[in-house]
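Structure file coords.cif (mmCIF, C-alpha atoms; chains and numbers go by the auth columns) follows.
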```cif
data_entry
#
loop_
_atom_site.group_PDB
_atom_site.id
_atom_site.type_symbol
_atom_site.label_atom_id
_atom_site.label_comp_id
_atom_site.label_asym_id
_atom_site.label_seq_id
_atom_site.Cartn_x
_atom_site.Cartn_y
_atom_site.Cartn_z
_atom_site.B_iso_or_equiv
_atom_site.auth_seq_id
_atom_site.auth_asym_id
ATOM 1 C CA MET A 1 8.093 113.232 -95.986 0.00 1 A
ATOM 2 C CA SER A 2 8.813 109.533 -95.285 0.00 2 A
ATOM 3 C CA ASN A 3 12.059 110.522 -93.566 0.00 3 A
ATOM 4 C CA PHE A 4 10.061 112.861 -91.326 0.00 4 A
ATOM 5 C CA PHE A 5 7.815 110.066 -90.033 0.00 5 A
ATOM 6 C CA THR A 6 10.730 107.621 -89.750 0.00 6 A
ATOM 7 C CA GLU A 7 12.717 110.005 -87.572 0.00 7 A
ATOM 8 C CA LEU A 8 9.616 110.746 -85.535 0.00 8 A
ATOM 9 C CA ALA A 9 9.041 107.044 -84.816 0.00 9 A
ATOM 10 C CA GLU A 10 12.687 106.531 -83.816 0.00 10 A
ATOM 11 C CA ASN A 11 12.380 109.288 -81.222 0.00 11 A
ATOM 12 C CA ALA A 12 8.986 108.294 -79.818 0.00 12 A
ATOM 13 C CA ILE A 13 9.593 109.439 -76.246 0.00 13 A
ATOM 14 C CA PHE A 14 10.870 112.821 -77.344 0.00 14 A
ATOM 15 C CA ALA A 15 7.933 113.086 -79.747 0.00 15 A
ATOM 16 C CA LEU A 16 5.535 112.601 -76.832 0.00 16 A
ATOM 17 C CA GLU A 17 7.347 115.285 -74.850 0.00 17 A
ATOM 18 C CA PHE A 18 7.173 117.559 -77.890 0.00 18 A
ATOM 19 C CA ALA A 19 3.429 116.927 -78.195 0.00 19 A
ATOM 20 C CA GLY A 20 2.972 117.587 -74.482 0.00 20 A
ATOM 21 C CA ILE A 21 4.678 120.972 -74.701 0.00 21 A
ATOM 22 C CA ILE A 22 2.585 121.925 -77.736 0.00 22 A
ATOM 23 C CA LEU A 23 -0.597 120.941 -75.886 0.00 23 A
ATOM 24 C CA LEU A 24 0.477 122.893 -72.800 0.00 24 A
ATOM 25 C CA MET A 25 1.037 126.070 -74.815 0.00 25 A
ATOM 26 C CA PHE A 26 -2.398 125.765 -76.439 0.00 26 A
ATOM 27 C CA VAL A 27 -4.087 125.097 -73.091 0.00 27 A
ATOM 28 C CA ILE A 28 -2.479 128.165 -71.512 0.00 28 A
ATOM 29 C CA ALA A 29 -3.411 130.372 -74.476 0.00 29 A
ATOM 30 C CA TYR A 30 -6.986 129.078 -74.651 0.00 30 A
ATOM 31 C CA ALA A 31 -7.601 129.307 -70.896 0.00 31 A
ATOM 32 C CA VAL A 32 -6.395 132.901 -70.687 0.00 32 A
ATOM 33 C CA GLU A 33 -8.318 133.996 -73.776 0.00 33 A
ATOM 34 C CA LYS A 34 -11.510 132.231 -72.687 0.00 34 A
ATOM 35 C CA TYR A 35 -11.301 133.852 -69.253 0.00 35 A
ATOM 36 C CA SER A 36 -10.755 137.304 -70.740 0.00 36 A
ATOM 37 C CA LYS A 37 -13.747 136.873 -73.048 0.00 37 A
ATOM 38 C CA ILE A 38 -16.017 135.782 -70.182 0.00 38 A
ATOM 39 C CA LYS A 39 -14.838 138.666 -68.029 0.00 39 A
ATOM 40 C CA SER A 40 -15.362 141.261 -70.755 0.00 40 A
ATOM 41 C CA GLY A 41 -18.607 139.795 -72.088 0.00 41 A
ATOM 42 C CA ASP A 42 -17.072 139.295 -75.546 0.00 42 A
ATOM 43 C CA LYS A 43 -19.087 136.614 -77.360 0.00 43 A
ATOM 44 C CA GLU A 44 -16.971 136.481 -80.511 0.00 44 A
ATOM 45 C CA ARG A 45 -15.528 133.054 -81.241 0.00 45 A
ATOM 46 C CA ILE A 46 -11.857 132.579 -80.439 0.00 46 A
ATOM 47 C CA LEU A 47 -11.271 131.146 -83.920 0.00 47 A
ATOM 48 C CA SER A 48 -13.647 132.332 -86.614 0.00 48 A
ATOM 49 C CA THR A 49 -13.327 131.414 -90.289 0.00 49 A
ATOM 50 C CA LYS A 50 -11.806 134.804 -91.063 0.00 50 A
ATOM 51 C CA LYS A 51 -9.249 134.415 -88.307 0.00 51 A
ATOM 52 C CA LEU A 52 -8.281 130.934 -89.496 0.00 52 A
ATOM 53 C CA VAL A 53 -7.647 132.257 -92.999 0.00 53 A
ATOM 54 C CA VAL A 54 -5.433 135.064 -91.698 0.00 54 A
ATOM 55 C CA ILE A 55 -3.621 132.647 -89.377 0.00 55 A
ATOM 56 C CA GLY A 56 -2.884 130.389 -92.341 0.00 56 A
ATOM 57 C CA VAL A 57 -1.459 133.245 -94.406 0.00 57 A
ATOM 58 C CA PHE A 58 0.710 134.541 -91.570 0.00 58 A
ATOM 59 C CA ALA A 59 1.864 131.003 -90.730 0.00 59 A
ATOM 60 C CA ALA A 60 3.100 130.642 -94.318 0.00 60 A
ATOM 61 C CA VAL A 61 5.054 133.903 -93.993 0.00 61 A
ATOM 62 C CA SER A 62 6.406 132.734 -90.641 0.00 62 A
ATOM 63 C CA THR A 63 7.555 129.450 -92.210 0.00 63 A
ATOM 64 C CA ILE A 64 9.498 131.295 -94.888 0.00 64 A
ATOM 65 C CA LEU A 65 11.174 133.486 -92.264 0.00 65 A
ATOM 66 C CA TYR A 66 11.999 130.370 -90.241 0.00 66 A
ATOM 67 C CA MET A 67 13.719 128.704 -93.174 0.00 67 A
ATOM 68 C CA PHE A 68 15.821 131.796 -93.895 0.00 68 A
ATOM 69 C CA ASP A 69 17.699 131.676 -90.602 0.00 69 A
ATOM 70 C CA PHE A 70 21.317 132.756 -90.304 0.00 70 A
ATOM 71 C CA SER A 71 24.322 132.150 -88.079 0.00 71 A
ATOM 72 C CA ILE A 72 25.404 134.555 -85.378 0.00 72 A
ATOM 73 C CA PRO A 73 29.013 135.196 -84.334 0.00 73 A
ATOM 74 C CA PHE A 74 28.633 134.434 -80.619 0.00 74 A
ATOM 75 C CA ALA A 75 26.930 130.994 -80.727 0.00 75 A
ATOM 76 C CA PRO A 76 27.783 127.617 -82.338 0.00 76 A
ATOM 77 C CA PRO A 77 26.152 127.586 -85.800 0.00 77 A
ATOM 78 C CA GLU A 78 25.620 123.820 -85.558 0.00 78 A
ATOM 79 C CA MET A 79 23.023 124.427 -82.857 0.00 79 A
ATOM 80 C CA TYR A 80 21.891 128.042 -82.908 0.00 80 A
ATOM 81 C CA LYS A 81 20.727 130.335 -85.660 0.00 81 A
ATOM 82 C CA LEU A 82 18.731 133.533 -85.609 0.00 82 A
ATOM 83 C CA ASP A 83 15.404 133.990 -87.363 0.00 83 A
ATOM 84 C CA PHE A 84 12.480 136.374 -87.098 0.00 84 A
ATOM 85 C CA SER A 85 9.658 133.896 -87.604 0.00 85 A
ATOM 86 C CA GLU A 86 7.894 135.045 -84.417 0.00 86 A
ATOM 87 C CA LEU A 87 7.148 138.397 -86.068 0.00 87 A
ATOM 88 C CA PRO A 88 4.004 137.266 -87.984 0.00 88 A
ATOM 89 C CA ALA A 89 2.825 135.329 -84.918 0.00 89 A
ATOM 90 C CA LEU A 90 3.166 138.382 -82.678 0.00 90 A
ATOM 91 C CA ILE A 91 1.263 140.590 -85.121 0.00 91 A
ATOM 92 C CA VAL A 92 -1.598 138.071 -85.369 0.00 92 A
ATOM 93 C CA GLY A 93 -1.507 137.585 -81.610 0.00 93 A
ATOM 94 C CA PHE A 94 -1.899 141.312 -81.027 0.00 94 A
ATOM 95 C CA ALA A 95 -4.876 141.361 -83.391 0.00 95 A
ATOM 96 C CA TYR A 96 -6.650 138.126 -82.389 0.00 96 A
ATOM 97 C CA GLY A 97 -5.170 136.918 -79.094 0.00 97 A
ATOM 98 C CA PRO A 98 -2.721 134.324 -77.749 0.00 98 A
ATOM 99 C CA VAL A 99 -4.444 131.294 -79.309 0.00 99 A
ATOM 100 C CA ALA A 100 -3.881 132.716 -82.790 0.00 100 A
ATOM 101 C CA ALA A 101 -0.228 133.430 -81.987 0.00 101 A
ATOM 102 C CA VAL A 102 0.394 129.855 -80.793 0.00 102 A
ATOM 103 C CA MET A 103 -1.408 128.486 -83.862 0.00 103 A
ATOM 104 C CA VAL A 104 0.866 130.445 -86.204 0.00 104 A
ATOM 105 C CA GLU A 105 3.885 129.147 -84.293 0.00 105 A
ATOM 106 C CA PHE A 106 2.647 125.548 -84.441 0.00 106 A
ATOM 107 C CA ILE A 107 1.736 125.591 -88.136 0.00 107 A
ATOM 108 C CA LYS A 108 5.113 127.144 -88.903 0.00 108 A
ATOM 109 C CA ILE A 109 6.942 124.255 -87.228 0.00 109 A
ATOM 110 C CA LEU A 110 4.713 121.673 -88.916 0.00 110 A
ATOM 111 C CA LEU A 111 5.216 123.148 -92.401 0.00 111 A
ATOM 112 C CA LYS A 112 8.960 123.454 -91.897 0.00 112 A
ATOM 113 C CA LEU A 113 9.225 119.800 -90.842 0.00 113 A
ATOM 114 C CA LEU A 114 7.098 118.620 -93.760 0.00 114 A
ATOM 115 C CA PHE A 115 9.004 120.571 -96.410 0.00 115 A
ATOM 116 C CA LYS A 116 12.524 120.711 -95.010 0.00 116 A
ATOM 117 C CA GLY A 117 12.712 118.008 -92.355 0.00 117 A
ATOM 118 C CA THR A 118 14.976 118.294 -89.345 0.00 118 A
ATOM 119 C CA THR A 119 18.745 118.241 -88.860 0.00 119 A
ATOM 120 C CA THR A 120 18.584 118.326 -85.055 0.00 120 A
ATOM 121 C CA ALA A 121 16.393 115.273 -84.345 0.00 121 A
ATOM 122 C CA PHE A 122 13.510 117.711 -83.705 0.00 122 A
ATOM 123 C CA VAL A 123 15.310 119.297 -80.742 0.00 123 A
ATOM 124 C CA GLY A 124 15.878 122.550 -82.622 0.00 124 A
ATOM 125 C CA ASP A 125 12.257 122.637 -83.745 0.00 125 A
ATOM 126 C CA LEU A 126 10.982 122.055 -80.221 0.00 126 A
ATOM 127 C CA ALA A 127 13.323 124.792 -79.005 0.00 127 A
ATOM 128 C CA ASN A 128 12.007 127.211 -81.609 0.00 128 A
ATOM 129 C CA PHE A 129 8.384 126.468 -80.734 0.00 129 A
ATOM 130 C CA ALA A 130 8.683 126.467 -76.934 0.00 130 A
ATOM 131 C CA VAL A 131 11.029 129.442 -76.707 0.00 131 A
ATOM 132 C CA GLY A 132 8.995 131.322 -79.312 0.00 132 A
ATOM 133 C CA CYS A 133 5.816 130.751 -77.292 0.00 133 A
ATOM 134 C CA SER A 134 7.577 131.955 -74.149 0.00 134 A
ATOM 135 C CA PHE A 135 7.857 135.289 -75.946 0.00 135 A
ATOM 136 C CA LEU A 136 4.460 135.307 -77.651 0.00 136 A
ATOM 137 C CA LEU A 137 2.256 134.270 -74.737 0.00 137 A
ATOM 138 C CA PRO A 138 3.269 136.983 -72.224 0.00 138 A
ATOM 139 C CA ALA A 139 3.285 139.658 -74.919 0.00 139 A
ATOM 140 C CA THR A 140 -0.139 138.818 -76.387 0.00 140 A
ATOM 141 C CA ILE A 141 -1.770 138.123 -73.008 0.00 141 A
ATOM 142 C CA ILE A 142 -0.676 141.451 -71.532 0.00 142 A
ATOM 143 C CA TYR A 143 -1.668 143.377 -74.660 0.00 143 A
ATOM 144 C CA ARG A 144 -5.090 141.721 -74.595 0.00 144 A
ATOM 145 C CA LEU A 145 -5.765 143.226 -71.153 0.00 145 A
ATOM 146 C CA LYS A 146 -5.622 146.763 -72.523 0.00 146 A
ATOM 147 C CA LYS A 147 -4.827 147.579 -76.133 0.00 147 A
ATOM 148 C CA THR A 148 -2.867 150.814 -75.931 0.00 148 A
ATOM 149 C CA ARG A 149 0.519 151.848 -77.311 0.00 149 A
ATOM 150 C CA ALA A 150 2.035 151.968 -73.824 0.00 150 A
ATOM 151 C CA ILE A 151 0.761 148.492 -72.955 0.00 151 A
ATOM 152 C CA ALA A 152 2.057 147.206 -76.295 0.00 152 A
ATOM 153 C CA VAL A 153 5.541 148.422 -75.397 0.00 153 A
ATOM 154 C CA ILE A 154 5.308 146.916 -71.907 0.00 154 A
ATOM 155 C CA SER A 155 4.029 143.603 -73.273 0.00 155 A
ATOM 156 C CA CYS A 156 6.920 143.372 -75.729 0.00 156 A
ATOM 157 C CA LEU A 157 9.451 144.181 -73.002 0.00 157 A
ATOM 158 C CA VAL A 158 7.998 141.521 -70.722 0.00 158 A
ATOM 159 C CA GLY A 159 7.988 139.011 -73.579 0.00 159 A
ATOM 160 C CA THR A 160 11.630 139.803 -74.339 0.00 160 A
ATOM 161 C CA ILE A 161 12.625 139.308 -70.707 0.00 161 A
ATOM 162 C CA VAL A 162 10.734 136.009 -70.497 0.00 162 A
ATOM 163 C CA ILE A 163 12.201 134.604 -73.723 0.00 163 A
ATOM 164 C CA THR A 164 15.708 135.527 -72.561 0.00 164 A
ATOM 165 C CA VAL A 165 15.339 133.950 -69.114 0.00 165 A
ATOM 166 C CA PHE A 166 13.196 130.964 -70.111 0.00 166 A
ATOM 167 C CA GLY A 167 15.236 130.262 -73.242 0.00 167 A
ATOM 168 C CA SER A 168 18.448 130.115 -71.224 0.00 168 A
ATOM 169 C CA MET A 169 16.995 127.866 -68.512 0.00 169 A
ATOM 170 C CA PHE A 170 15.181 125.582 -70.982 0.00 170 A
ATOM 171 C CA ASN A 171 18.398 125.085 -72.939 0.00 171 A
ATOM 172 C CA ALA A 172 20.497 124.359 -69.860 0.00 172 A
ATOM 173 C CA VAL A 173 18.033 122.018 -68.144 0.00 173 A
ATOM 174 C CA TYR A 174 16.408 120.211 -71.078 0.00 174 A
ATOM 175 C CA LEU A 175 17.365 121.054 -74.652 0.00 175 A
ATOM 176 C CA ILE A 176 21.158 120.751 -74.532 0.00 176 A
ATOM 177 C CA PRO A 177 21.129 117.484 -72.507 0.00 177 A
ATOM 178 C CA THR A 178 18.478 116.072 -74.871 0.00 178 A
ATOM 179 C CA PHE A 179 20.471 117.092 -77.951 0.00 179 A
ATOM 180 C CA ALA A 180 23.615 115.534 -76.481 0.00 180 A
ATOM 181 C CA ASN A 181 21.776 112.313 -75.655 0.00 181 A
ATOM 182 C CA MET A 182 20.169 111.930 -79.083 0.00 182 A
ATOM 183 C CA PHE A 183 23.436 112.436 -80.938 0.00 183 A
ATOM 184 C CA GLY A 184 25.548 110.442 -78.460 0.00 184 A
ATOM 185 C CA MET A 185 27.601 113.554 -77.804 0.00 185 A
ATOM 186 C CA PRO A 186 29.080 114.450 -74.404 0.00 186 A
ATOM 187 C CA ILE A 187 27.881 117.807 -73.125 0.00 187 A
ATOM 188 C CA ASP A 188 31.527 118.852 -72.800 0.00 188 A
ATOM 189 C CA VAL A 189 31.792 118.640 -76.582 0.00 189 A
ATOM 190 C CA ILE A 190 28.882 121.064 -76.958 0.00 190 A
ATOM 191 C CA ILE A 191 30.447 123.407 -74.414 0.00 191 A
ATOM 192 C CA GLY A 192 33.660 123.130 -76.434 0.00 192 A
ATOM 193 C CA MET A 193 31.822 124.400 -79.523 0.00 193 A
ATOM 194 C CA GLY A 194 31.056 127.545 -77.594 0.00 194 A
ATOM 195 C CA THR A 195 34.601 127.812 -76.253 0.00 195 A
ATOM 196 C CA LYS A 196 35.975 127.868 -79.810 0.00 196 A
ATOM 197 C CA ILE A 197 33.879 130.952 -80.485 0.00 197 A
ATOM 198 C CA ASN A 198 34.271 132.627 -77.105 0.00 198 A
ATOM 199 C CA SER A 199 37.086 131.613 -74.746 0.00 199 A
ATOM 200 C CA ARG A 200 35.044 132.835 -71.771 0.00 200 A
ATOM 201 C CA ILE A 201 32.585 129.962 -72.289 0.00 201 A
ATOM 202 C CA LYS A 202 33.825 127.232 -69.956 0.00 202 A
ATOM 203 C CA ASP A 203 30.718 125.507 -68.577 0.00 203 A
ATOM 204 C CA MET A 204 26.950 125.288 -68.999 0.00 204 A
ATOM 205 C CA THR A 205 26.315 128.523 -67.108 0.00 205 A
ATOM 206 C CA THR A 206 28.665 130.621 -69.233 0.00 206 A
ATOM 207 C CA PHE A 207 27.416 128.836 -72.369 0.00 207 A
ATOM 208 C CA VAL A 208 23.803 129.894 -71.876 0.00 208 A
ATOM 209 C CA MET A 209 24.735 133.355 -70.572 0.00 209 A
ATOM 210 C CA LEU A 210 27.112 134.235 -73.413 0.00 210 A
ATOM 211 C CA ALA A 211 25.571 132.321 -76.336 0.00 211 A
ATOM 212 C CA VAL A 212 21.924 131.431 -75.711 0.00 212 A
ATOM 213 C CA ALA A 213 20.732 134.468 -73.742 0.00 213 A
ATOM 214 C CA PRO A 214 22.068 137.076 -76.226 0.00 214 A
ATOM 215 C CA LEU A 215 20.431 135.184 -79.100 0.00 215 A
ATOM 216 C CA ASN A 216 17.005 135.218 -77.464 0.00 216 A
ATOM 217 C CA LEU A 217 17.440 138.809 -76.303 0.00 217 A
ATOM 218 C CA ILE A 218 18.144 139.948 -79.859 0.00 218 A
ATOM 219 C CA LYS A 219 15.231 137.903 -81.201 0.00 219 A
ATOM 220 C CA GLY A 220 12.819 139.381 -78.670 0.00 220 A
ATOM 221 C CA LEU A 221 13.989 142.951 -79.174 0.00 221 A
ATOM 222 C CA MET A 222 13.981 142.836 -82.973 0.00 222 A
ATOM 223 C CA ASN A 223 10.554 141.206 -83.212 0.00 223 A
ATOM 224 C CA SER A 224 9.212 143.728 -80.713 0.00 224 A
ATOM 225 C CA ILE A 225 10.634 146.779 -82.462 0.00 225 A
ATOM 226 C CA ILE A 226 9.395 145.747 -85.902 0.00 226 A
ATOM 227 C CA THR A 227 5.934 144.865 -84.563 0.00 227 A
ATOM 228 C CA LEU A 228 5.594 148.182 -82.729 0.00 228 A
ATOM 229 C CA LEU A 229 6.559 150.020 -85.911 0.00 229 A
ATOM 230 C CA ILE A 230 4.142 148.300 -88.292 0.00 230 A
ATOM 231 C CA TYR A 231 1.276 146.869 -86.223 0.00 231 A
ATOM 232 C CA LYS A 232 -0.930 149.965 -86.193 0.00 232 A
ATOM 233 C CA ARG A 233 -0.808 150.079 -89.987 0.00 233 A
ATOM 234 C CA LEU A 234 -1.782 146.422 -90.294 0.00 234 A
ATOM 235 C CA SER A 235 -4.344 146.352 -87.481 0.00 235 A
ATOM 236 C CA PRO A 236 -7.261 147.919 -89.439 0.00 236 A
ATOM 237 C CA ILE A 237 -6.717 145.424 -92.268 0.00 237 A
ATOM 238 C CA LEU A 238 -6.625 142.429 -89.932 0.00 238 A
ATOM 239 C CA LYS A 239 -9.729 143.517 -88.052 0.00 239 A
ATOM 240 C CA LYS A 240 -11.774 144.731 -91.029 0.00 240 A
#
```

Transcribe the structure of this file into structure tokens.
Amino acid sequence: MSNFFTELAENAIFALEFAGIILLMFVIAYAVEKYSKIKSGDKERILSTKKLVVIGVFAAVSTILYMFDFSIPFAPPEMYKLDFSELPALIVGFAYGPVAAVMVEFIKILLKLLFKGTTTAFVGDLANFAVGCSFLLPATIIYRLKKTRAIAVISCLVGTIVITVFGSMFNAVYLIPTFANMFGMPIDVIIGMGTKINSRIKDMTTFVMLAVAPLNLIKGLMNSIITLLIYKRLSPILKK
């Protein structure tokens, strides 16, 4: 745990940016959910004691899924691995709303850092949180408008599109340059990692299109499919 706080202090500016992104995601989720409750006349608290307990349980499951990530053949394993830790967050978000989904995502990152630390100077953890929320927020917000099977499918499709587009742009504009800067590594070296795997990767554009975008597309689709298959069975238990 001491290493965690030491690394955090050494990267103070990035830590502030990380905190800012976390705060932004919570503000968006809370504002949308508060507005929907006012509009519908729903007086139930956004976070009741029961909801907090369920969020904690699902965050623990999400943390385990996050730790059991695995490499994929089309992206550099030093930087990108696939996991399905957004699955518990999406299920809770469908049941309780976007705030609950973001809370599961945040607690997952916090637990992972406390127990396992970071090997990417927190860049990978920020990527997982921000890109994960780019999937969870659209999906849970849309589903909250009207909770039907058709809307659930649409919300998951929109979330998958957003995570694919946002994840690619966020990597190209912020994450990859930040990773390169923190490790004193030229961006060309990172591009070269992708070129070794796929000769068609020659620059930043082809890197995100052929390595990052497929990763996020698969993550969005798989989380969506599994959620759509099991949510209706879990929903009565979560809401009981």

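Applied to the shown file, the PyMOL selection byres ((chain A and resi 159) around 7) selects the residues Phe135, Leu136, Pro138, Ala139, Ser155, Cys156, Leu157, Val158, Thr160, Ile161, Val162 and Ile163 of chain A.
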
Contacts of Asn223 in chain A at 8 Å (only C-alpha atoms; same-chain gap of 6+ positions) as a list of chain:residue names:
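Close residues of Asn223 in chain A: A:Phe84, A:Glu86, A:Leu87, A:Leu90.
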
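With only C-alpha atoms taken into account, the protein and nucleic acid residues at most 12 Å from Phe179 in chain A (excluding it and anything under 3 positions from it in its own chain) are Asn11, Phe14, Glu78, Met79, Thr119, Thr120, Ala121, Phe122, Val123, Gly124, Asp125, Leu126, Ala127, Asn171, Ala172, Val173, Tyr174, Leu175, Ile176, Met182, Phe183, Gly184, Met185, Pro186, Ile187, Val189 and Ile190 of chain A.
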
Measure the distance from CA of Phe74 in chain A to CA of Phe170 in chain A in Å and round it to one decimal.
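Taking CA of Phe74 in chain A and CA of Phe170 in chain A, their separation equals 18.8 Å.
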
As an exercise, work out the distance from CA of Ile72 in chain A to CA of Leu215 in chain A in Å and give it to one decimal place.
8.0 Å

Starting from the shown file, work through the PyMOL selection byres ((chain A and resi 33-44) around 12) and note down what comes out as a PyMOL selection string.
chain A and resi 26-32+45-51+93+96-102+137+140-146

Please identify all polymer residues within 9 Å of range 191-195 of chain A, counting only C-alpha atoms, omitting same-chain residues fewer than 6 positions from it, and present them as a VMD selection string.
chain A and resid 74 to 76 78 201 to 204 207 210 to 211

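Here CA of Phe166 in chain A stands at a distance of 22.0 Å from CA of Ile107 in chain A.
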